[in-house]
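Student: Just one file: work20.cif, with mmCIF, C-alpha atoms.
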```
data_final
#
loop_
_atom_site.group_PDB
_atom_site.id
_atom_site.type_symbol
_atom_site.label_atom_id
_atom_site.label_comp_id
_atom_site.auth_asym_id
_atom_site.auth_seq_id
_atom_site.Cartn_x
_atom_site.Cartn_y
_atom_site.Cartn_z
ATOM 1 C CA MET A 22 -9.958 55.067 -15.158
ATOM 2 C CA LYS A 23 -13.507 54.370 -16.308
ATOM 3 C CA PRO A 24 -13.878 52.986 -19.842
ATOM 4 C CA ILE A 25 -15.196 55.292 -22.539
ATOM 5 C CA ARG A 26 -18.935 54.794 -23.054
ATOM 6 C CA LEU A 27 -19.353 54.411 -26.800
ATOM 7 C CA GLY A 28 -22.645 54.092 -28.624
ATOM 8 C CA TYR A 29 -22.252 51.976 -31.756
ATOM 9 C CA ALA A 30 -25.123 52.470 -34.203
ATOM 10 C CA MET A 31 -25.685 50.464 -37.379
ATOM 11 C CA CYS A 32 -27.879 51.333 -40.344
ATOM 12 C CA GLY A 33 -28.936 49.107 -43.241
ATOM 13 C CA SER A 34 -25.806 49.019 -45.397
ATOM 14 C CA PHE A 35 -25.893 45.245 -45.122
ATOM 15 C CA CYS A 36 -22.855 44.582 -47.326
ATOM 16 C CA THR A 37 -20.678 46.289 -44.678
ATOM 17 C CA PHE A 38 -22.004 44.346 -41.671
ATOM 18 C CA GLY A 39 -18.975 42.029 -41.690
ATOM 19 C CA GLN A 40 -16.613 45.003 -41.427
ATOM 20 C CA ALA A 41 -18.871 46.642 -38.848
ATOM 21 C CA LYS A 42 -18.837 43.589 -36.584
ATOM 22 C CA GLU A 43 -15.045 43.299 -36.962
ATOM 23 C CA LEU A 44 -14.752 46.928 -35.879
ATOM 24 C CA LEU A 45 -17.133 46.316 -32.992
ATOM 25 C CA ARG A 46 -14.914 43.451 -31.767
ATOM 26 C CA ARG A 47 -11.823 45.648 -32.037
ATOM 27 C CA LEU A 48 -13.437 48.444 -30.041
ATOM 28 C CA ALA A 49 -14.599 45.975 -27.379
ATOM 29 C CA ASP A 50 -11.082 44.514 -27.199
ATOM 30 C CA ASP A 51 -9.735 48.073 -26.811
ATOM 31 C CA GLY A 52 -11.824 48.413 -23.635
ATOM 32 C CA TYR A 53 -14.744 50.570 -24.771
ATOM 33 C CA ASP A 54 -18.031 50.095 -22.910
ATOM 34 C CA ILE A 55 -20.240 49.700 -25.990
ATOM 35 C CA THR A 56 -23.980 50.264 -26.234
ATOM 36 C CA PRO A 57 -25.233 48.774 -29.516
ATOM 37 C CA ILE A 58 -27.962 50.531 -31.508
ATOM 38 C CA MET A 59 -29.668 49.519 -34.761
ATOM 39 C CA SER A 60 -32.119 51.145 -37.110
ATOM 40 C CA ASN A 61 -35.359 49.250 -37.631
ATOM 41 C CA ASN A 62 -34.256 48.126 -41.091
ATOM 42 C CA ALA A 63 -30.940 46.824 -39.773
ATOM 43 C CA TYR A 64 -32.708 45.152 -36.836
ATOM 44 C CA THR A 65 -35.422 43.364 -38.838
ATOM 45 C CA THR A 66 -34.150 42.638 -42.349
ATOM 46 C CA ASP A 67 -32.741 39.293 -43.504
ATOM 47 C CA THR A 68 -30.419 39.609 -46.506
ATOM 48 C CA ARG A 69 -27.879 37.579 -48.465
ATOM 49 C CA PHE A 70 -25.361 38.885 -45.911
ATOM 50 C CA GLY A 71 -27.106 37.092 -43.022
ATOM 51 C CA THR A 72 -30.248 37.005 -40.968
ATOM 52 C CA ALA A 73 -31.256 39.797 -38.641
ATOM 53 C CA ARG A 74 -31.454 37.309 -35.766
ATOM 54 C CA ASP A 75 -27.848 36.155 -36.326
ATOM 55 C CA HIS A 76 -26.517 39.718 -36.584
ATOM 56 C CA ILE A 77 -28.338 40.733 -33.389
ATOM 57 C CA ALA A 78 -27.075 37.713 -31.440
ATOM 58 C CA GLU A 79 -23.475 38.330 -32.500
ATOM 59 C CA ILE A 80 -23.591 42.049 -31.724
ATOM 60 C CA GLU A 81 -25.173 41.528 -28.313
ATOM 61 C CA GLU A 82 -22.582 38.859 -27.520
ATOM 62 C CA ILE A 83 -19.706 41.196 -28.455
ATOM 63 C CA CYS A 84 -21.136 44.103 -26.431
ATOM 64 C CA GLY A 85 -22.509 42.108 -23.516
ATOM 65 C CA LYS A 86 -25.749 44.076 -23.515
ATOM 66 C CA PRO A 87 -29.024 44.201 -25.463
ATOM 67 C CA LEU A 88 -29.425 46.287 -28.594
ATOM 68 C CA ILE A 89 -31.328 49.545 -28.582
ATOM 69 C CA HIS A 90 -33.665 49.350 -31.582
ATOM 70 C CA THR A 91 -36.611 51.639 -30.889
ATOM 71 C CA ILE A 92 -37.011 55.397 -30.603
ATOM 72 C CA ALA A 93 -38.291 55.034 -27.042
ATOM 73 C CA GLN A 94 -35.201 53.035 -26.028
ATOM 74 C CA ALA A 95 -32.839 55.590 -27.642
ATOM 75 C CA GLU A 96 -34.428 58.761 -26.213
ATOM 76 C CA PRO A 97 -32.873 58.495 -22.686
ATOM 77 C CA ILE A 98 -29.356 58.622 -24.195
ATOM 78 C CA GLY A 99 -29.519 62.417 -24.017
ATOM 79 C CA PRO A 100 -31.267 63.212 -20.733
ATOM 80 C CA LYS A 101 -29.260 60.571 -18.867
ATOM 81 C CA ALA A 102 -25.980 61.439 -20.684
ATOM 82 C CA LEU A 103 -25.384 57.735 -21.305
ATOM 83 C CA LEU A 104 -22.585 58.057 -23.890
ATOM 84 C CA ASP A 105 -19.232 59.804 -24.189
ATOM 85 C CA ALA A 106 -19.233 59.352 -27.992
ATOM 86 C CA LEU A 107 -21.541 57.876 -30.621
ATOM 87 C CA LEU A 108 -20.295 56.138 -33.763
ATOM 88 C CA ILE A 109 -22.653 55.366 -36.662
ATOM 89 C CA ALA A 110 -20.964 52.651 -38.732
ATOM 90 C CA PRO A 111 -22.274 52.021 -41.326
ATOM 91 C CA CYS A 112 -24.252 55.205 -41.931
ATOM 92 C CA THR A 113 -26.472 55.031 -45.016
ATOM 93 C CA GLY A 114 -27.366 57.891 -47.340
ATOM 94 C CA ASN A 115 -30.883 57.773 -45.908
ATOM 95 C CA THR A 116 -29.592 58.350 -42.378
ATOM 96 C CA LEU A 117 -27.154 61.043 -43.562
ATOM 97 C CA ALA A 118 -30.132 62.924 -45.038
ATOM 98 C CA LYS A 119 -32.174 62.557 -41.862
ATOM 99 C CA LEU A 120 -29.287 63.782 -39.708
ATOM 100 C CA ALA A 121 -28.672 66.769 -41.998
ATOM 101 C CA LEU A 122 -32.360 67.721 -41.921
ATOM 102 C CA GLY A 123 -33.039 66.999 -38.243
ATOM 103 C CA ILE A 124 -35.427 64.106 -38.913
ATOM 104 C CA THR A 125 -35.765 61.805 -35.913
ATOM 105 C CA ASP A 126 -37.724 58.715 -36.943
ATOM 106 C CA THR A 127 -35.407 55.779 -36.168
ATOM 107 C CA ALA A 128 -33.520 54.558 -33.118
ATOM 108 C CA VAL A 129 -30.268 55.704 -34.766
ATOM 109 C CA THR A 130 -31.432 59.242 -35.529
ATOM 110 C CA MET A 131 -32.994 59.548 -32.056
ATOM 111 C CA ALA A 132 -29.745 58.330 -30.478
ATOM 112 C CA ALA A 133 -27.814 60.932 -32.490
ATOM 113 C CA LYS A 134 -30.212 63.759 -31.615
ATOM 114 C CA ALA A 135 -30.308 62.805 -27.940
ATOM 115 C CA HIS A 136 -26.522 62.444 -27.789
ATOM 116 C CA LEU A 137 -25.780 65.738 -29.576
ATOM 117 C CA ARG A 138 -27.866 67.695 -27.072
ATOM 118 C CA ASN A 139 -25.006 67.084 -24.629
ATOM 119 C CA ALA A 140 -22.423 68.584 -27.044
ATOM 120 C CA ARG A 141 -20.593 65.279 -27.275
ATOM 121 C CA PRO A 142 -19.005 63.838 -30.433
ATOM 122 C CA LEU A 143 -20.981 62.018 -33.106
ATOM 123 C CA ILE A 144 -18.723 60.125 -35.517
ATOM 124 C CA ILE A 145 -20.111 59.053 -38.901
ATOM 125 C CA ALA A 146 -18.763 56.244 -41.099
ATOM 126 C CA PRO A 147 -20.637 56.614 -44.409
ATOM 127 C CA ALA A 148 -21.426 53.673 -46.641
ATOM 128 C CA THR A 149 -23.629 54.795 -49.496
ATOM 129 C CA ASN A 150 -23.776 54.431 -53.262
ATOM 130 C CA ASP A 151 -24.849 58.066 -53.716
ATOM 131 C CA ALA A 152 -22.270 59.877 -51.559
ATOM 132 C CA LEU A 153 -20.920 61.824 -54.533
ATOM 133 C CA SER A 154 -24.373 62.593 -55.922
ATOM 134 C CA ALA A 155 -27.626 62.947 -53.942
ATOM 135 C CA SER A 156 -25.974 62.504 -50.511
ATOM 136 C CA ALA A 157 -23.100 64.914 -51.205
ATOM 137 C CA LYS A 158 -25.036 67.943 -49.969
ATOM 138 C CA ASN A 159 -25.919 66.143 -46.735
ATOM 139 C CA ILE A 160 -22.304 65.135 -46.113
ATOM 140 C CA GLY A 161 -21.324 68.756 -46.746
ATOM 141 C CA ALA A 162 -23.904 70.045 -44.281
ATOM 142 C CA LEU A 163 -22.811 67.557 -41.621
ATOM 143 C CA LEU A 164 -19.116 68.377 -42.144
ATOM 144 C CA ASN A 165 -20.047 71.924 -41.165
ATOM 145 C CA THR A 166 -21.975 70.924 -38.022
ATOM 146 C CA LYS A 167 -20.493 71.283 -34.556
ATOM 147 C CA ASN A 168 -19.647 68.030 -32.742
ATOM 148 C CA ILE A 169 -20.023 65.899 -35.886
ATOM 149 C CA TYR A 170 -16.952 64.112 -37.213
ATOM 150 C CA PHE A 171 -16.312 61.624 -40.020
ATOM 151 C CA VAL A 172 -14.335 58.428 -40.339
ATOM 152 C CA PRO A 173 -11.997 58.889 -43.339
ATOM 153 C CA MET A 174 -13.645 57.657 -46.526
ATOM 154 C CA ALA A 175 -12.916 56.819 -50.153
ATOM 155 C CA GLU A 176 -14.598 55.651 -53.333
ATOM 156 C CA ASP A 177 -15.038 51.899 -53.090
ATOM 157 C CA ASP A 178 -15.497 51.081 -56.808
ATOM 158 C CA PRO A 179 -14.948 54.184 -58.992
ATOM 159 C CA GLU A 180 -15.386 52.323 -62.285
ATOM 160 C CA ARG A 181 -18.661 50.487 -61.617
ATOM 161 C CA LYS A 182 -20.078 52.751 -58.862
ATOM 162 C CA PRO A 183 -18.659 56.232 -59.560
ATOM 163 C CA THR A 184 -20.655 57.998 -56.820
ATOM 164 C CA SER A 185 -20.192 55.391 -54.073
ATOM 165 C CA ILE A 186 -18.206 56.048 -50.887
ATOM 166 C CA ILE A 187 -17.366 53.828 -47.943
ATOM 167 C CA ALA A 188 -15.573 54.773 -44.762
ATOM 168 C CA ASP A 189 -12.318 53.025 -43.903
ATOM 169 C CA PHE A 190 -13.615 51.050 -40.917
ATOM 170 C CA SER A 191 -10.034 50.278 -39.827
ATOM 171 C CA ARG A 192 -9.545 54.012 -39.124
ATOM 172 C CA ALA A 193 -12.692 54.356 -37.008
ATOM 173 C CA PRO A 194 -10.919 53.863 -33.644
ATOM 174 C CA ASP A 195 -8.539 56.712 -34.503
ATOM 175 C CA ALA A 196 -11.482 58.842 -35.670
ATOM 176 C CA VAL A 197 -13.286 58.231 -32.367
ATOM 177 C CA ALA A 198 -10.156 59.102 -30.361
ATOM 178 C CA ALA A 199 -9.654 62.301 -32.369
ATOM 179 C CA ALA A 200 -13.324 63.289 -31.981
ATOM 180 C CA LEU A 201 -13.096 62.813 -28.215
ATOM 181 C CA GLU A 202 -10.291 65.412 -28.362
ATOM 182 C CA GLY A 203 -12.490 67.726 -30.463
ATOM 183 C CA ARG A 204 -10.672 67.247 -33.776
ATOM 184 C CA GLN A 205 -11.418 65.710 -37.153
ATOM 185 C CA LEU A 206 -9.072 62.902 -38.222
ATOM 186 C CA GLN A 207 -7.400 63.836 -41.522
ATOM 187 C CA PRO A 208 -7.563 63.355 -44.393
ATOM 188 C CA ILE A 209 -11.339 62.979 -44.499
ATOM 189 C CA TYR A 210 -11.275 61.790 -48.105
ATOM 190 C CA PHE A 211 -8.436 59.730 -49.533
ATOM 191 C CA LEU A 212 -7.652 57.834 -52.725
#
```
Is it possible to express this structure as structure tokens?
Tutor:
Amino acid sequence: MKPIRLGYAMCGSFCTFGQAKELLRRLADDGYDITPIMSNNAYTTDTRFGTARDHIAEIEEICGKPLIHTIAQAEPIGPKALLDALLIAPCTGNTLAKLALGITDTAVTMAAKAHLRNARPLIIAPATNDALSASAKNIGALLNTKNIYFVPMAEDDPERKPTSIIADFSRAPDAVAAALEGRQLQPIYFL
């Protein structure tokens, strides 16, 4: 049986990059054929969580292929039907808004648009400080969109960041498997 072709897209929620790379390793170990994708901010920004160059090298080593990081590189994902599923982990509030409004101005949003044209599953793992405020309407819109699924999520620090949500990255493989069967892994939100 051929391995599942999974796109793995990362946006600029830099504090979750450690979890994202752990998840990427797990998916690779599970036998997925992974195509890595990064937004421009994720691809170019050095932060206290590491340098862009180090993140890129590690991700490409895990996946065994170069990162897609431009709109032009991401566009063929649709016409060539390159992926069976696409996971965005982490997905920032900025990218949630763009997806909800059909804005295609990054490699990640182009990958999502191109992939969705084939009616294949897009799985979103949010990581945003405004999920229960400004981004709530975008999450709601995406929850009601065909072929879009979510990794279960919860508040990450209700006392100090009362509107912040992060997906449970450990549940992403199950969310991908469920999405490939056309169902949303439950519960979407947990305490």
Student: Could you expand the PyMOL selection byres ((chain A and resi 41) around 10) into the explicit residues it covers here, written as a list in words?
Tutor: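 What the PyMOL selection byres ((chain A and resi 41) around 10) grabs from the file is Tyr29, Ala30, Met31, Ser34, Phe35, Cys36, Thr37, Phe38, Gly39, Gln40, Lys42, Glu43, Leu44, Leu45, Arg46, Arg47, Ile80, Ile109, Ala110, Pro111, Ala146, Phe190 and Ser191 of chain A.
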Student: So, with all atoms listed in the file as the atoms that count, which of A:Pro57, A:Gly85, A:Pro147, A:Pro142 lies closest to A:Ile209?
Tutor: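 Between A:Pro57, A:Gly85, A:Pro147, A:Pro142, the residue approaching A:Ile209 most closely is A:Pro147.
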Student: Name the residues that the PyMOL selection byres ((chain A and resi 86) around 12) picks from the file above, as a ChimeraX atom specification, using the file's chain letters and numbers.
Tutor: /A:28-29,49,54-58,77-85,87-89
Student: Store the residues picked out above in a file with C-alpha atoms, as a PDB file, in the frame of the given file.
Tutor:
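File part_8.pdb, as written:
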```pdb
ATOM      1  CA  GLY A  28     -22.645  54.092 -28.624  1.00  0.00           C
ATOM      2  CA  TYR A  29     -22.252  51.976 -31.756  1.00  0.00           C
ATOM      3  CA  ALA A  49     -14.599  45.975 -27.379  1.00  0.00           C
ATOM      4  CA  ASP A  54     -18.031  50.095 -22.910  1.00  0.00           C
ATOM      5  CA  ILE A  55     -20.240  49.700 -25.990  1.00  0.00           C
ATOM      6  CA  THR A  56     -23.980  50.264 -26.234  1.00  0.00           C
ATOM      7  CA  PRO A  57     -25.233  48.774 -29.516  1.00  0.00           C
ATOM      8  CA  ILE A  58     -27.962  50.531 -31.508  1.00  0.00           C
ATOM      9  CA  ILE A  77     -28.338  40.733 -33.389  1.00  0.00           C
ATOM     10  CA  ALA A  78     -27.075  37.713 -31.440  1.00  0.00           C
ATOM     11  CA  GLU A  79     -23.475  38.330 -32.500  1.00  0.00           C
ATOM     12  CA  ILE A  80     -23.591  42.049 -31.724  1.00  0.00           C
ATOM     13  CA  GLU A  81     -25.173  41.528 -28.313  1.00  0.00           C
ATOM     14  CA  GLU A  82     -22.582  38.859 -27.520  1.00  0.00           C
ATOM     15  CA  ILE A  83     -19.706  41.196 -28.455  1.00  0.00           C
ATOM     16  CA  CYS A  84     -21.136  44.103 -26.431  1.00  0.00           C
ATOM     17  CA  GLY A  85     -22.509  42.108 -23.516  1.00  0.00           C
ATOM     18  CA  PRO A  87     -29.024  44.201 -25.463  1.00  0.00           C
ATOM     19  CA  LEU A  88     -29.425  46.287 -28.594  1.00  0.00           C
ATOM     20  CA  ILE A  89     -31.328  49.545 -28.582  1.00  0.00           C
TER      21      ILE A  89
END
```
Student: Between A:Ala157, A:Leu48, A:Ala196, A:Ile186, which has the minimum distance to A:Ala118 (counting all atoms listed in the file)?
Tutor: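 Ranked by minimum distance to A:Ala118, first place goes to A:Ala157.
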Student: Once you count only C-alpha atoms, which residues end up no further than 10 Å from (-10.6, 65.7, -42.5) in the file's frame, shown as a PyMOL selection string?
Tutor: chain A and resi 164+170-174+196+204-211
Student: Would you mind exporting stretch 104-127 of chain A with N, CA and C atoms, as a short mmCIF file (atom, residue, chain, number, x, y, z; two decimals), in the first residue's frame?
Tutor:
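The resulting decode-v1.cif:
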```
data_model
loop_
_atom_site.label_atom_id
_atom_site.label_comp_id
_atom_site.auth_asym_id
_atom_site.auth_seq_id
_atom_site.Cartn_x
_atom_site.Cartn_y
_atom_site.Cartn_z
N LEU A 104 -1.34 15.91 -2.71
CA LEU A 104 -1.54 15.51 -1.32
C LEU A 104 -2.86 14.77 -1.13
N ASP A 105 -2.85 13.83 -0.18
CA ASP A 105 -4.08 13.17 0.24
C ASP A 105 -4.75 13.95 1.35
N ALA A 106 -3.94 14.61 2.19
CA ALA A 106 -4.44 15.44 3.29
C ALA A 106 -3.42 16.54 3.55
N LEU A 107 -3.89 17.64 4.12
CA LEU A 107 -3.02 18.76 4.48
C LEU A 107 -3.31 19.14 5.92
N LEU A 108 -2.25 19.18 6.72
CA LEU A 108 -2.34 19.56 8.13
C LEU A 108 -1.61 20.88 8.33
N ILE A 109 -2.28 21.86 8.92
CA ILE A 109 -1.63 23.13 9.28
C ILE A 109 -1.46 23.12 10.79
N ALA A 110 -0.20 22.98 11.23
CA ALA A 110 0.09 22.86 12.66
C ALA A 110 1.47 23.44 12.97
N PRO A 111 1.53 24.60 13.56
CA PRO A 111 0.47 25.42 14.11
C PRO A 111 -0.19 26.31 13.05
N CYS A 112 -1.45 26.64 13.31
CA CYS A 112 -2.18 27.58 12.47
C CYS A 112 -2.48 28.82 13.31
N THR A 113 -1.95 29.95 12.91
CA THR A 113 -2.11 31.20 13.64
C THR A 113 -3.49 31.81 13.39
N GLY A 114 -3.85 32.78 14.23
CA GLY A 114 -5.08 33.53 14.03
C GLY A 114 -5.09 34.25 12.69
N ASN A 115 -3.94 34.75 12.28
CA ASN A 115 -3.81 35.43 11.00
C ASN A 115 -4.17 34.49 9.85
N THR A 116 -3.64 33.27 9.89
CA THR A 116 -3.94 32.31 8.83
C THR A 116 -5.38 31.82 8.92
N LEU A 117 -5.92 31.64 10.12
CA LEU A 117 -7.33 31.29 10.26
C LEU A 117 -8.21 32.32 9.55
N ALA A 118 -7.91 33.61 9.76
CA ALA A 118 -8.69 34.68 9.13
C ALA A 118 -8.58 34.62 7.61
N LYS A 119 -7.37 34.41 7.12
CA LYS A 119 -7.17 34.34 5.67
C LYS A 119 -7.93 33.15 5.07
N LEU A 120 -7.87 32.01 5.74
CA LEU A 120 -8.60 30.83 5.25
C LEU A 120 -10.10 31.09 5.24
N ALA A 121 -10.61 31.69 6.30
CA ALA A 121 -12.05 31.96 6.41
C ALA A 121 -12.53 32.94 5.34
N LEU A 122 -11.65 33.86 4.94
CA LEU A 122 -12.03 34.89 3.98
C LEU A 122 -11.53 34.63 2.56
N GLY A 123 -10.88 33.49 2.35
CA GLY A 123 -10.41 33.14 1.01
C GLY A 123 -9.22 33.96 0.55
N ILE A 124 -8.42 34.45 1.46
CA ILE A 124 -7.23 35.23 1.10
C ILE A 124 -6.06 34.27 0.87
N THR A 125 -5.42 34.42 -0.28
CA THR A 125 -4.34 33.51 -0.67
C THR A 125 -3.07 34.32 -0.92
N ASP A 126 -2.34 34.63 0.16
CA ASP A 126 -1.15 35.46 0.00
C ASP A 126 0.08 34.90 0.70
N THR A 127 0.05 33.62 1.06
CA THR A 127 1.22 32.95 1.62
C THR A 127 1.30 31.55 1.02
#
```
